[in-house]
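Student: If it helps, the file is called structure-v1.cif and holds mmCIF, C-alpha atoms:
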```cif
data_run
loop_
_atom_site.label_atom_id
_atom_site.label_comp_id
_atom_site.auth_asym_id
_atom_site.auth_seq_id
_atom_site.Cartn_x
_atom_site.Cartn_y
_atom_site.Cartn_z
CA MET A 1 -6.98 -13.73 28.78
CA ALA A 2 -6.16 -11.83 25.59
CA THR A 3 -3.28 -13.23 23.54
CA VAL A 4 -0.74 -11.19 21.62
CA LEU A 5 -2.75 -11.90 18.46
CA ASP A 6 -5.93 -10.59 20.11
CA ARG A 7 -4.07 -7.41 21.05
CA LEU A 8 -2.82 -7.05 17.50
CA ASP A 9 -6.40 -7.29 16.20
CA ALA A 10 -7.53 -4.67 18.72
CA SER A 11 -4.79 -2.28 17.58
CA LEU A 12 -6.16 -2.03 14.04
CA ASP A 13 -7.85 1.25 15.03
CA LEU A 14 -10.47 1.51 12.28
CA PRO A 15 -12.95 4.41 12.05
CA GLU A 16 -16.15 3.68 13.95
CA ASP A 17 -18.25 2.90 10.87
CA GLU A 18 -15.62 0.50 9.49
CA ALA A 19 -15.18 -1.17 12.88
CA MET A 20 -18.93 -1.81 12.95
CA VAL A 21 -18.79 -3.32 9.46
CA LEU A 22 -15.94 -5.61 10.49
CA ASP A 23 -17.82 -6.71 13.62
CA SER A 24 -20.87 -7.58 11.48
CA VAL A 25 -18.73 -9.53 9.02
CA ARG A 26 -17.00 -11.38 11.86
CA GLN A 27 -20.37 -12.33 13.35
CA LEU A 28 -21.67 -13.54 9.99
CA ALA A 29 -18.50 -15.56 9.42
CA THR A 30 -18.64 -17.19 12.84
CA GLU A 31 -22.37 -17.88 13.07
CA LYS A 32 -23.35 -18.71 9.49
CA ILE A 33 -20.41 -19.27 7.15
CA ALA A 34 -18.09 -21.41 9.30
CA PRO A 35 -20.73 -24.04 10.17
CA ARG A 36 -21.43 -24.65 6.45
CA ALA A 37 -17.81 -24.83 5.29
CA ALA A 38 -17.20 -28.56 5.77
CA GLU A 39 -20.29 -29.60 3.81
CA HIS A 40 -19.54 -27.25 0.92
CA ASP A 41 -15.98 -28.57 0.83
CA ARG A 42 -17.06 -32.20 1.00
CA ASN A 43 -19.63 -31.86 -1.80
CA GLY A 44 -17.78 -29.27 -3.88
CA THR A 45 -20.94 -27.16 -3.99
CA TYR A 46 -20.98 -23.44 -4.74
CA PRO A 47 -21.75 -21.64 -1.43
CA ALA A 48 -24.73 -19.68 -2.74
CA ASP A 49 -26.13 -19.46 0.78
CA ASN A 50 -22.99 -17.72 2.01
CA ILE A 51 -22.93 -15.32 -0.94
CA ALA A 52 -26.60 -14.46 -0.32
CA GLU A 53 -25.88 -13.72 3.36
CA MET A 54 -22.92 -11.52 2.39
CA ASN A 55 -25.00 -9.66 -0.19
CA ALA A 56 -27.71 -9.10 2.41
CA LEU A 57 -25.01 -7.43 4.50
CA GLY A 58 -23.98 -5.33 1.49
CA MET A 59 -20.42 -6.61 1.48
CA ASN A 60 -19.73 -6.02 -2.22
CA ALA A 61 -20.64 -2.37 -1.74
CA MET A 62 -17.78 -1.76 0.68
CA PHE A 63 -15.07 -1.57 -2.00
CA VAL A 64 -17.14 0.19 -4.71
CA PRO A 65 -17.04 4.04 -4.72
CA GLU A 66 -20.11 5.78 -3.37
CA GLU A 67 -21.00 7.43 -6.69
CA TYR A 68 -21.61 3.97 -8.19
CA GLY A 69 -23.78 2.60 -5.41
CA GLY A 70 -21.05 1.52 -3.02
CA LEU A 71 -19.71 2.58 0.35
CA GLY A 72 -16.14 3.39 -0.63
CA LEU A 73 -14.60 1.99 2.55
CA SER A 74 -10.87 1.61 3.08
CA TYR A 75 -8.65 -1.06 1.59
CA THR A 76 -7.55 -1.94 5.12
CA VAL A 77 -11.04 -2.90 6.28
CA TYR A 78 -11.53 -4.83 3.03
CA LEU A 79 -8.39 -6.87 3.82
CA ALA A 80 -9.63 -7.44 7.37
CA CYS A 81 -12.95 -8.74 6.02
CA VAL A 82 -11.20 -11.05 3.53
CA ARG A 83 -9.27 -12.52 6.44
CA GLU A 84 -12.40 -13.05 8.57
CA ILE A 85 -14.42 -14.69 5.80
CA SER A 86 -11.46 -16.87 4.77
CA LYS A 87 -10.90 -17.92 8.37
CA ALA A 88 -14.45 -19.30 8.34
CA CYS A 89 -14.42 -20.69 4.77
CA ALA A 90 -11.48 -20.21 2.42
CA SER A 91 -13.64 -20.95 -0.62
CA THR A 92 -16.13 -18.23 0.21
CA GLY A 93 -13.28 -15.87 1.00
CA ILE A 94 -11.67 -16.22 -2.43
CA ILE A 95 -15.01 -15.97 -4.26
CA TRP A 96 -15.63 -12.63 -2.59
CA ALA A 97 -12.05 -11.40 -2.94
CA THR A 98 -12.11 -12.23 -6.66
CA ASN A 99 -14.92 -9.71 -7.11
CA PHE A 100 -12.44 -7.05 -6.01
CA HIS A 101 -9.54 -8.52 -8.03
CA GLY A 102 -11.56 -8.44 -11.23
CA MET A 103 -13.36 -5.14 -10.83
CA LYS A 104 -10.71 -2.92 -9.20
CA PRO A 105 -9.09 -2.20 -12.61
CA VAL A 106 -12.46 -0.94 -13.84
CA MET A 107 -12.54 1.45 -10.87
CA ASP A 108 -8.96 2.58 -11.50
CA PHE A 109 -8.76 2.66 -15.31
CA GLY A 110 -12.30 2.49 -16.69
CA THR A 111 -14.15 5.29 -18.43
CA GLU A 112 -17.06 6.96 -16.69
CA ALA A 113 -19.46 5.08 -18.97
CA GLN A 114 -17.83 1.76 -18.09
CA LYS A 115 -18.02 2.50 -14.39
CA GLN A 116 -21.66 3.55 -14.61
CA ARG A 117 -22.56 0.35 -16.46
CA ILE A 118 -20.56 -2.21 -14.47
CA LEU A 119 -19.95 -1.06 -10.90
CA PRO A 120 -23.58 -0.71 -9.71
CA THR A 121 -24.09 -4.38 -10.61
CA ILE A 122 -21.09 -5.36 -8.49
CA ALA A 123 -22.13 -3.09 -5.60
CA ALA A 124 -25.53 -4.78 -5.57
CA GLY A 125 -23.94 -8.22 -5.20
CA GLY A 126 -22.79 -9.14 -8.70
CA ILE A 127 -19.86 -11.49 -9.23
CA GLY A 128 -16.60 -10.49 -10.91
CA SER A 129 -13.73 -12.52 -12.35
CA LEU A 130 -10.12 -11.85 -13.35
CA CYS A 131 -8.92 -13.79 -16.41
CA ILE A 132 -5.16 -13.79 -16.97
CA THR A 133 -3.77 -17.35 -16.89
CA GLU A 134 -3.54 -19.56 -19.97
CA PRO A 135 -2.11 -23.06 -20.47
CA THR A 136 1.13 -21.52 -21.80
CA ALA A 137 1.08 -18.30 -19.74
CA GLY A 138 1.11 -18.49 -15.97
CA SER A 139 3.50 -16.35 -13.99
CA ASP A 140 4.83 -14.99 -17.32
CA ALA A 141 1.69 -13.27 -18.58
CA THR A 142 3.45 -12.03 -21.72
CA GLY A 143 3.17 -15.55 -23.09
CA MET A 144 -0.63 -15.33 -23.39
CA LYS A 145 -2.10 -16.19 -26.82
CA THR A 146 -5.67 -14.85 -26.56
CA ARG A 147 -6.04 -12.56 -29.58
CA ILE A 148 -8.08 -9.39 -29.99
CA THR A 149 -8.83 -8.43 -33.61
CA PRO A 150 -10.55 -5.15 -34.56
CA ASP A 151 -13.81 -5.64 -36.45
CA GLY A 152 -14.61 -2.24 -37.90
CA ASN A 153 -14.76 0.78 -35.63
CA GLU A 154 -17.41 -0.47 -33.22
CA SER A 155 -16.39 -3.97 -32.16
CA VAL A 156 -13.56 -6.46 -31.71
CA VAL A 157 -13.42 -10.26 -32.03
CA ILE A 158 -11.73 -12.41 -29.38
CA ASN A 159 -10.25 -15.86 -29.95
CA GLY A 160 -8.38 -17.90 -27.37
CA GLY A 161 -9.01 -19.15 -23.88
CA LYS A 162 -8.11 -19.00 -20.21
CA THR A 163 -7.51 -21.61 -17.53
CA PHE A 164 -7.66 -21.73 -13.71
CA ILE A 165 -10.19 -18.87 -13.65
CA SER A 166 -11.86 -18.23 -10.29
CA ASN A 167 -15.59 -17.38 -10.55
CA GLY A 168 -15.38 -17.87 -14.33
CA ASN A 169 -18.67 -19.76 -14.58
CA VAL A 170 -20.67 -17.56 -12.20
CA ALA A 171 -19.37 -14.06 -13.00
CA ASP A 172 -21.56 -11.25 -14.24
CA HIS A 173 -18.51 -9.42 -15.58
CA LEU A 174 -15.09 -10.85 -16.47
CA LEU A 175 -11.98 -8.71 -16.81
CA VAL A 176 -9.91 -10.44 -19.50
CA PHE A 177 -6.42 -9.84 -20.88
CA GLY A 178 -5.36 -10.64 -24.42
CA LYS A 179 -3.07 -9.39 -27.18
CA TRP A 180 -4.04 -6.74 -29.73
CA SER A 181 -3.54 -8.23 -33.18
CA GLU A 182 -2.11 -5.04 -34.72
CA ILE A 183 0.75 -4.74 -32.17
CA ASP A 184 3.64 -7.19 -32.56
CA ASP A 185 5.51 -6.56 -29.29
CA PRO A 186 4.39 -9.26 -26.78
CA ARG A 187 4.43 -6.78 -23.88
CA LYS A 188 3.05 -3.71 -25.62
CA SER A 189 0.21 -5.67 -27.23
CA ILE A 190 -1.43 -6.77 -23.96
CA THR A 191 -4.88 -5.24 -23.70
CA ALA A 192 -7.64 -5.44 -21.06
CA PHE A 193 -11.34 -5.73 -21.78
CA VAL A 194 -14.60 -6.61 -20.03
CA VAL A 195 -16.78 -9.52 -21.08
CA ASP A 196 -20.33 -9.78 -19.80
CA LYS A 197 -21.91 -13.12 -18.93
CA ASP A 198 -23.82 -14.92 -21.68
CA THR A 199 -21.79 -13.21 -24.43
CA PRO A 200 -21.98 -15.41 -27.56
CA GLY A 201 -18.69 -17.21 -28.08
CA LEU A 202 -17.90 -17.40 -24.36
CA GLU A 203 -17.93 -21.02 -23.23
CA VAL A 204 -17.06 -22.79 -19.99
CA LEU A 205 -15.04 -25.83 -21.04
CA ARG A 206 -14.74 -27.52 -17.67
CA LYS A 207 -14.76 -27.03 -13.93
CA GLU A 208 -11.55 -28.14 -12.22
CA GLU A 209 -11.64 -30.75 -9.44
CA LYS A 210 -9.19 -29.36 -6.90
CA MET A 211 -7.32 -30.43 -3.77
CA GLY A 212 -8.68 -27.49 -1.77
CA HIS A 213 -11.02 -24.53 -2.16
CA ARG A 214 -13.43 -27.13 -3.46
CA ALA A 215 -16.49 -24.91 -3.07
CA ALA A 216 -14.95 -22.06 -5.08
CA PRO A 217 -15.43 -22.65 -8.81
CA THR A 218 -12.27 -22.69 -10.94
CA VAL A 219 -12.86 -23.18 -14.65
CA ALA A 220 -11.33 -23.19 -18.11
CA LEU A 221 -12.87 -20.74 -20.59
CA SER A 222 -12.93 -20.62 -24.37
CA PHE A 223 -13.44 -17.54 -26.57
CA GLU A 224 -14.43 -18.51 -30.10
CA ASP A 225 -15.12 -15.62 -32.46
CA MET A 226 -16.49 -13.78 -29.42
CA LYS A 227 -17.57 -10.31 -30.51
CA ILE A 228 -17.73 -7.50 -27.95
CA PRO A 229 -18.22 -3.74 -28.31
CA ARG A 230 -14.98 -1.80 -28.68
CA GLU A 231 -16.19 0.32 -25.79
CA ASN A 232 -15.52 -2.68 -23.50
CA ILE A 233 -11.76 -2.11 -23.88
CA ILE A 234 -10.24 -0.75 -20.65
CA GLY A 235 -7.91 2.11 -21.51
CA GLU A 236 -6.31 1.92 -24.95
CA PRO A 237 -5.01 -1.11 -26.88
CA GLY A 238 -1.60 -1.89 -25.42
CA ASP A 239 -2.35 -0.48 -21.95
CA GLY A 240 -2.98 -3.95 -20.58
CA LEU A 241 0.36 -4.72 -18.98
CA GLN A 242 0.21 -1.59 -16.82
CA ILE A 243 -3.35 -2.44 -15.84
CA LEU A 244 -2.40 -6.07 -15.13
CA LEU A 245 0.52 -5.15 -12.87
CA SER A 246 -1.55 -2.58 -11.01
CA SER A 247 -4.28 -5.19 -10.54
CA LEU A 248 -1.84 -7.73 -9.15
CA ASN A 249 -0.35 -5.22 -6.71
CA LYS A 250 -3.83 -4.83 -5.18
CA SER A 251 -4.85 -8.49 -5.41
CA ARG A 252 -1.66 -9.94 -3.89
CA PRO A 253 -2.24 -8.39 -0.43
CA SER A 254 -5.81 -9.65 -0.73
CA VAL A 255 -4.57 -13.21 -1.33
CA ALA A 256 -2.21 -12.75 1.63
CA ALA A 257 -5.18 -11.73 3.80
CA GLN A 258 -6.97 -14.88 2.67
CA ALA A 259 -3.92 -17.01 3.49
CA LEU A 260 -3.61 -15.39 6.91
CA GLY A 261 -7.26 -16.16 7.59
CA ILE A 262 -6.47 -19.83 6.93
CA ALA A 263 -3.35 -19.55 9.10
CA ARG A 264 -5.23 -17.97 11.99
CA ALA A 265 -7.93 -20.65 11.85
CA ALA A 266 -5.32 -23.43 11.89
CA PHE A 267 -3.39 -21.82 14.73
CA GLU A 268 -6.49 -21.32 16.88
CA ASP A 269 -7.68 -24.88 16.25
CA ALA A 270 -4.27 -26.21 17.27
CA ILE A 271 -4.25 -24.09 20.45
CA ASP A 272 -7.71 -25.33 21.43
CA TYR A 273 -6.77 -28.94 20.82
CA ILE A 274 -3.44 -29.00 22.68
CA ASN A 275 -4.96 -27.19 25.66
CA ASP A 276 -7.57 -29.94 25.99
CA ARG A 277 -5.66 -33.05 24.91
CA ARG A 278 -3.49 -34.82 27.49
CA GLN A 279 -0.57 -37.18 27.10
CA SER A 280 1.45 -38.78 29.93
CA GLY A 281 -0.64 -36.89 32.48
CA LYS A 282 0.08 -33.45 31.00
CA ARG A 283 -1.71 -31.20 28.57
CA ILE A 284 0.13 -31.20 25.24
CA VAL A 285 0.58 -27.45 25.50
CA GLU A 286 2.71 -27.94 28.62
CA PHE A 287 5.47 -29.81 26.79
CA GLN A 288 8.46 -27.55 26.19
CA GLY A 289 9.04 -28.70 22.62
CA ILE A 290 5.44 -27.84 21.76
CA GLN A 291 5.82 -24.41 23.36
CA PHE A 292 8.89 -23.72 21.20
CA THR A 293 6.85 -24.52 18.10
CA LEU A 294 4.02 -22.25 19.25
CA ALA A 295 6.46 -19.44 19.94
CA ASP A 296 7.84 -19.56 16.41
CA LEU A 297 4.43 -19.79 14.76
CA ALA A 298 2.83 -17.04 16.86
CA THR A 299 5.75 -14.67 16.36
CA ASP A 300 5.78 -15.13 12.59
CA LEU A 301 1.99 -14.81 12.43
CA ALA A 302 2.00 -11.58 14.44
CA MET A 303 4.74 -10.04 12.29
CA CYS A 304 3.04 -11.08 9.06
CA GLU A 305 -0.33 -9.70 10.12
CA ALA A 306 1.33 -6.44 11.18
CA TRP A 307 2.81 -6.22 7.67
CA LEU A 308 -0.66 -6.85 6.22
CA TRP A 309 -2.00 -3.79 8.02
CA LYS A 310 1.05 -1.76 6.98
CA VAL A 311 0.44 -2.51 3.31
CA GLY A 312 -3.25 -1.75 3.72
CA ARG A 313 -2.46 1.67 5.15
CA MET A 314 0.06 2.30 2.37
CA VAL A 315 -2.67 1.79 -0.23
CA ASP A 316 -5.17 3.89 1.73
CA GLY A 317 -2.53 6.61 1.98
CA GLY A 318 -2.26 6.83 -1.80
CA ALA A 319 0.99 4.88 -2.30
CA THR A 320 1.61 3.75 -5.86
CA ASP A 321 5.01 2.06 -5.49
CA PHE A 322 4.35 -0.89 -3.19
CA GLY A 323 4.85 -3.88 -5.48
CA ILE A 324 7.77 -5.30 -3.47
CA GLU A 325 5.90 -4.86 -0.18
CA ALA A 326 2.94 -6.69 -1.76
CA SER A 327 5.22 -9.50 -2.97
CA MET A 328 6.81 -9.85 0.48
CA LEU A 329 3.38 -10.04 2.06
CA LYS A 330 1.97 -12.55 -0.41
CA MET A 331 5.06 -14.75 -0.28
CA ARG A 332 5.47 -14.83 3.49
CA GLY A 333 1.75 -14.94 4.29
CA SER A 334 1.09 -17.93 2.03
CA ASP A 335 4.22 -19.82 3.11
CA LEU A 336 3.19 -19.26 6.72
CA ALA A 337 -0.36 -20.47 6.07
CA MET A 338 1.00 -23.74 4.71
CA ARG A 339 3.47 -24.09 7.57
CA ILE A 340 0.93 -23.42 10.31
CA ALA A 341 -1.67 -25.71 8.70
CA ASP A 342 0.94 -28.47 8.48
CA GLU A 343 1.91 -28.01 12.15
CA ALA A 344 -1.76 -27.93 13.17
CA VAL A 345 -2.34 -31.31 11.51
CA GLN A 346 0.76 -32.67 13.26
CA LEU A 347 -0.35 -31.36 16.65
CA HIS A 348 -3.72 -33.07 16.21
CA GLY A 349 -1.95 -36.39 15.66
CA GLY A 350 -4.00 -38.97 13.79
CA TYR A 351 -7.14 -36.89 14.22
CA GLY A 352 -5.58 -34.14 12.14
CA TYR A 353 -5.58 -36.48 9.13
CA CYS A 354 -9.33 -37.06 9.42
CA GLN A 355 -12.10 -34.88 8.08
CA ASP A 356 -13.77 -34.68 11.47
CA TYR A 357 -11.30 -31.89 12.28
CA ARG A 358 -11.09 -28.90 9.97
CA VAL A 359 -7.29 -28.69 10.08
CA GLU A 360 -7.32 -31.35 7.35
CA ARG A 361 -9.31 -28.97 5.12
CA LEU A 362 -7.23 -25.96 6.12
CA MET A 363 -4.05 -27.73 5.04
CA ARG A 364 -5.56 -28.47 1.62
CA ASP A 365 -6.84 -24.89 1.31
CA ALA A 366 -3.49 -23.37 2.27
CA LYS A 367 -1.48 -24.93 -0.55
CA ILE A 368 -2.89 -22.94 -3.47
CA THR A 369 -2.10 -19.63 -1.77
CA GLN A 370 1.58 -20.35 -2.49
CA ILE A 371 0.79 -20.73 -6.19
CA TRP A 372 -1.83 -18.25 -7.39
CA GLU A 373 -1.27 -14.52 -7.91
CA GLY A 374 2.30 -15.40 -8.87
CA THR A 375 4.11 -18.44 -7.49
CA ASN A 376 6.26 -17.77 -4.46
CA GLN A 377 9.34 -18.55 -6.54
CA ILE A 378 8.43 -15.61 -8.77
CA HIS A 379 7.92 -13.36 -5.74
CA ARG A 380 11.31 -14.30 -4.36
CA GLN A 381 12.81 -13.38 -7.72
CA LEU A 382 11.00 -10.02 -7.75
CA ILE A 383 12.08 -9.20 -4.20
CA GLY A 384 15.69 -10.26 -4.71
CA ARG A 385 15.97 -8.47 -8.05
CA SER A 386 14.79 -5.22 -6.47
CA PHE A 387 18.16 -4.91 -4.70
CA ALA A 388 20.25 -5.14 -7.87
CA ARG A 389 21.72 -1.72 -8.64
CA LYS A 390 21.32 -0.53 -12.23
CA GLU A 391 24.59 -0.51 -14.13
#
```
Please rewrite the model in this file as structure tokens.
Tutor:
Amino acid sequence: MATVLDRLDASLDLPEDEAMVLDSVRQLATEKIAPRAAEHDRNGTYPADNIAEMNALGMNAMFVPEEYGGLGLSYTVYLACVREISKACASTGIIWATNFHGMKPVMDFGTEAQKQRILPTIAAGGIGSLCITEPTAGSDATGMKTRITPDGNESVVINGGKTFISNGNVADHLLVFGKWSEIDDPRKSITAFVVDKDTPGLEVLRKEEKMGHRAAPTVALSFEDMKIPRENIIGEPGDGLQILLSSLNKSRPSVAAQALGIARAAFEDAIDYINDRRQSGKRIVEFQGIQFTLADLATDLAMCEAWLWKVGRMVDGGATDFGIEASMLKMRGSDLAMRIADEAVQLHGGYGYCQDYRVERLMRDAKITQIWEGTNQIHRQLIGRSFARKE
């Protein structure tokens, strides 16, 4: 019997070609990626096998425009695929989503020459990275200290570093933000540029050992007298804050889709377990208190997923002012992922605390979704502030 969540999935109403892509991704996630997830998590190994399977399916091509070797599919189907991959393996989901996070600004703001050079590599399966956070600049990006100094007319020199960078050690292209040395204003000086792998002066300082997403590499980077061509600058010096905010507005729904994949996996695992497990002669699902919990979780999950598809259609429809909708989605989706994962562990009893059941991993994976792409405290501030009338 179809549940309300199954009916919500069926109502997505994608074009036939996109529906076929989503079916293929769902099959790959279920048959190949999910069975490997526990081992990759346990060993902290990069899921190269999963990435190879996804590249064989041409998944990177879906969000790259056709003129650069991609398929140019909708943002909505991209979000749906992030959710499916993340439901199977959150680490693999964020590795793939980070390709979009890092390279979407190149699609939106890059020159034709930059697009021709970079995007075909990504469409063919290359890895991208987005480098914003620094030890002294997290949710407040204006505090970043990475410095960009002109070196003649043809090149610039970068000094500084970044921390908590997803894909930073495996990326073919890294989109980095720093401050232009000739502009004093901390907001107006922010500038975006692309760094290619193996650039002299780019060094991976360390790989972080994390609570969750253990198979997805997160690293600290150093830039020491790193010289890059001036043509690697995205837009003009000082355009970076606009590019950064635009990037986050597209990446925050993506992170929400990843969180909702984790949430859906935890919810479905809990449903399976409490339908099979018996206590006092009854299935756990038959206890009224448990049913009340399920009702709350299912209702919130359905409403949050419906908002995910709404935001996706806003972007596909050409909307440019959707930052608050994106913040609402990221905040609520990630909070819900943590809540459902926590309840799923509780419903499994002692087994939920053991690695034999994946709800233990899902709970660890859910936590970071409340932190990255802006902490949920910051999103609450953004949402609340949006209702203050200008004096």
Student: Translate the PyMOL selection byres ((chain A and resi 103) around 9), as applied to the file shown, into an explicit residue set as a PyMOL selection string.
Tutor: chain A and resi 64+98-102+104-108+118-119+122+128-130+173-175
Student: Write a file of the selected residues as a PDB file, in the frame of the given file, keeping C-alpha atoms.
Tutor:
```pdb
ATOM      1  CA  VAL A  64     -17.140   0.190  -4.710  1.00  0.00           C
ATOM      2  CA  THR A  98     -12.110 -12.230  -6.660  1.00  0.00           C
ATOM      3  CA  ASN A  99     -14.920  -9.710  -7.110  1.00  0.00           C
ATOM      4  CA  PHE A 100     -12.440  -7.050  -6.010  1.00  0.00           C
ATOM      5  CA  HIS A 101      -9.540  -8.520  -8.030  1.00  0.00           C
ATOM      6  CA  GLY A 102     -11.560  -8.440 -11.230  1.00  0.00           C
ATOM      7  CA  LYS A 104     -10.710  -2.920  -9.200  1.00  0.00           C
ATOM      8  CA  PRO A 105      -9.090  -2.200 -12.610  1.00  0.00           C
ATOM      9  CA  VAL A 106     -12.460  -0.940 -13.840  1.00  0.00           C
ATOM     10  CA  MET A 107     -12.540   1.450 -10.870  1.00  0.00           C
ATOM     11  CA  ASP A 108      -8.960   2.580 -11.500  1.00  0.00           C
ATOM     12  CA  ILE A 118     -20.560  -2.210 -14.470  1.00  0.00           C
ATOM     13  CA  LEU A 119     -19.950  -1.060 -10.900  1.00  0.00           C
ATOM     14  CA  ILE A 122     -21.090  -5.360  -8.490  1.00  0.00           C
ATOM     15  CA  GLY A 128     -16.600 -10.490 -10.910  1.00  0.00           C
ATOM     16  CA  SER A 129     -13.730 -12.520 -12.350  1.00  0.00           C
ATOM     17  CA  LEU A 130     -10.120 -11.850 -13.350  1.00  0.00           C
ATOM     18  CA  HIS A 173     -18.510  -9.420 -15.580  1.00  0.00           C
ATOM     19  CA  LEU A 174     -15.090 -10.850 -16.470  1.00  0.00           C
ATOM     20  CA  LEU A 175     -11.980  -8.710 -16.810  1.00  0.00           C
TER      21      LEU A 175
END
```
Student: When you look at Pro253 in chain A with a cut-off of 8 Å (counting all atoms listed in the file), what residues show up, excluding the ones that are within fewer than 4 positions of it in the same chain? I need them as a PyMOL selection string.
Tutor: chain A and resi 79+249+257+308+311-312+326-327+329-330
Student: Which centre and edge lengths in Å to one decimal define the box along x, y and z that fits every listed atom of range 227-235 of chain A plus 6 Å per side, as AutoDock Vina command-line options?
Tutor:
```
--center_x -13.1 --center_y -4.1 --center_z -25.6 --size_x 22.3 --size_y 24.4 --size_z 21.9
```
Student: Could you jot down the CA of Val4 in chain A to CA of Val315 in chain A separation for me, Å, one decimal place?
Tutor: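 Distance between the two atoms: 25.5 Å.
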Student: Could you state which residues are captured by the PyMOL selection byres ((chain A and resi 145) around 10) in this file, as a count of residues only?
Tutor: 20
Student: When the PyMOL selection byres ((chain A and resi 333) around 7) is applied to the file above, which residues end up in the set, as an MDAnalysis selection string?
Tutor: chainID A and resid 256 259:260 304 329:332 334:337
Student: Contacts of Leu244 in chain A at 8 Å or less, counting all atoms listed in the file, minus same-chain residues fewer than 4 places along, as number ranges by chain?
Tutor: A: 177, 192, 240, 248
Student: Would you please work out which residue, of A:Gly281, A:Pro65, A:Pro217, A:Gly138, is nearest to Thr45 in chain A when using all atoms listed in the file?
Tutor: A:Pro217
Student: Taking (4.6, -12.0, -6.1) in the file's coordinates as the center, which residues reach within 7 Å of it, counting all atoms listed in the file, put as an MDAnalysis selection string?
Tutor: chainID A and resid 252 327 330:331 373:376 378:379 382
Student: I need the chosen residues saved as a PDB file, in the coordinates of the input, with C-alpha atoms.
Tutor:
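Saved as part-v8.pdb:
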```
ATOM      1  CA  ARG A 252      -1.660  -9.940  -3.890  1.00  0.00           C
ATOM      2  CA  SER A 327       5.220  -9.500  -2.970  1.00  0.00           C
ATOM      3  CA  LYS A 330       1.970 -12.550  -0.410  1.00  0.00           C
ATOM      4  CA  MET A 331       5.060 -14.750  -0.280  1.00  0.00           C
ATOM      5  CA  GLU A 373      -1.270 -14.520  -7.910  1.00  0.00           C
ATOM      6  CA  GLY A 374       2.300 -15.400  -8.870  1.00  0.00           C
ATOM      7  CA  THR A 375       4.110 -18.440  -7.490  1.00  0.00           C
ATOM      8  CA  ASN A 376       6.260 -17.770  -4.460  1.00  0.00           C
ATOM      9  CA  ILE A 378       8.430 -15.610  -8.770  1.00  0.00           C
ATOM     10  CA  HIS A 379       7.920 -13.360  -5.740  1.00  0.00           C
ATOM     11  CA  LEU A 382      11.000 -10.020  -7.750  1.00  0.00           C
TER      12      LEU A 382
END
```
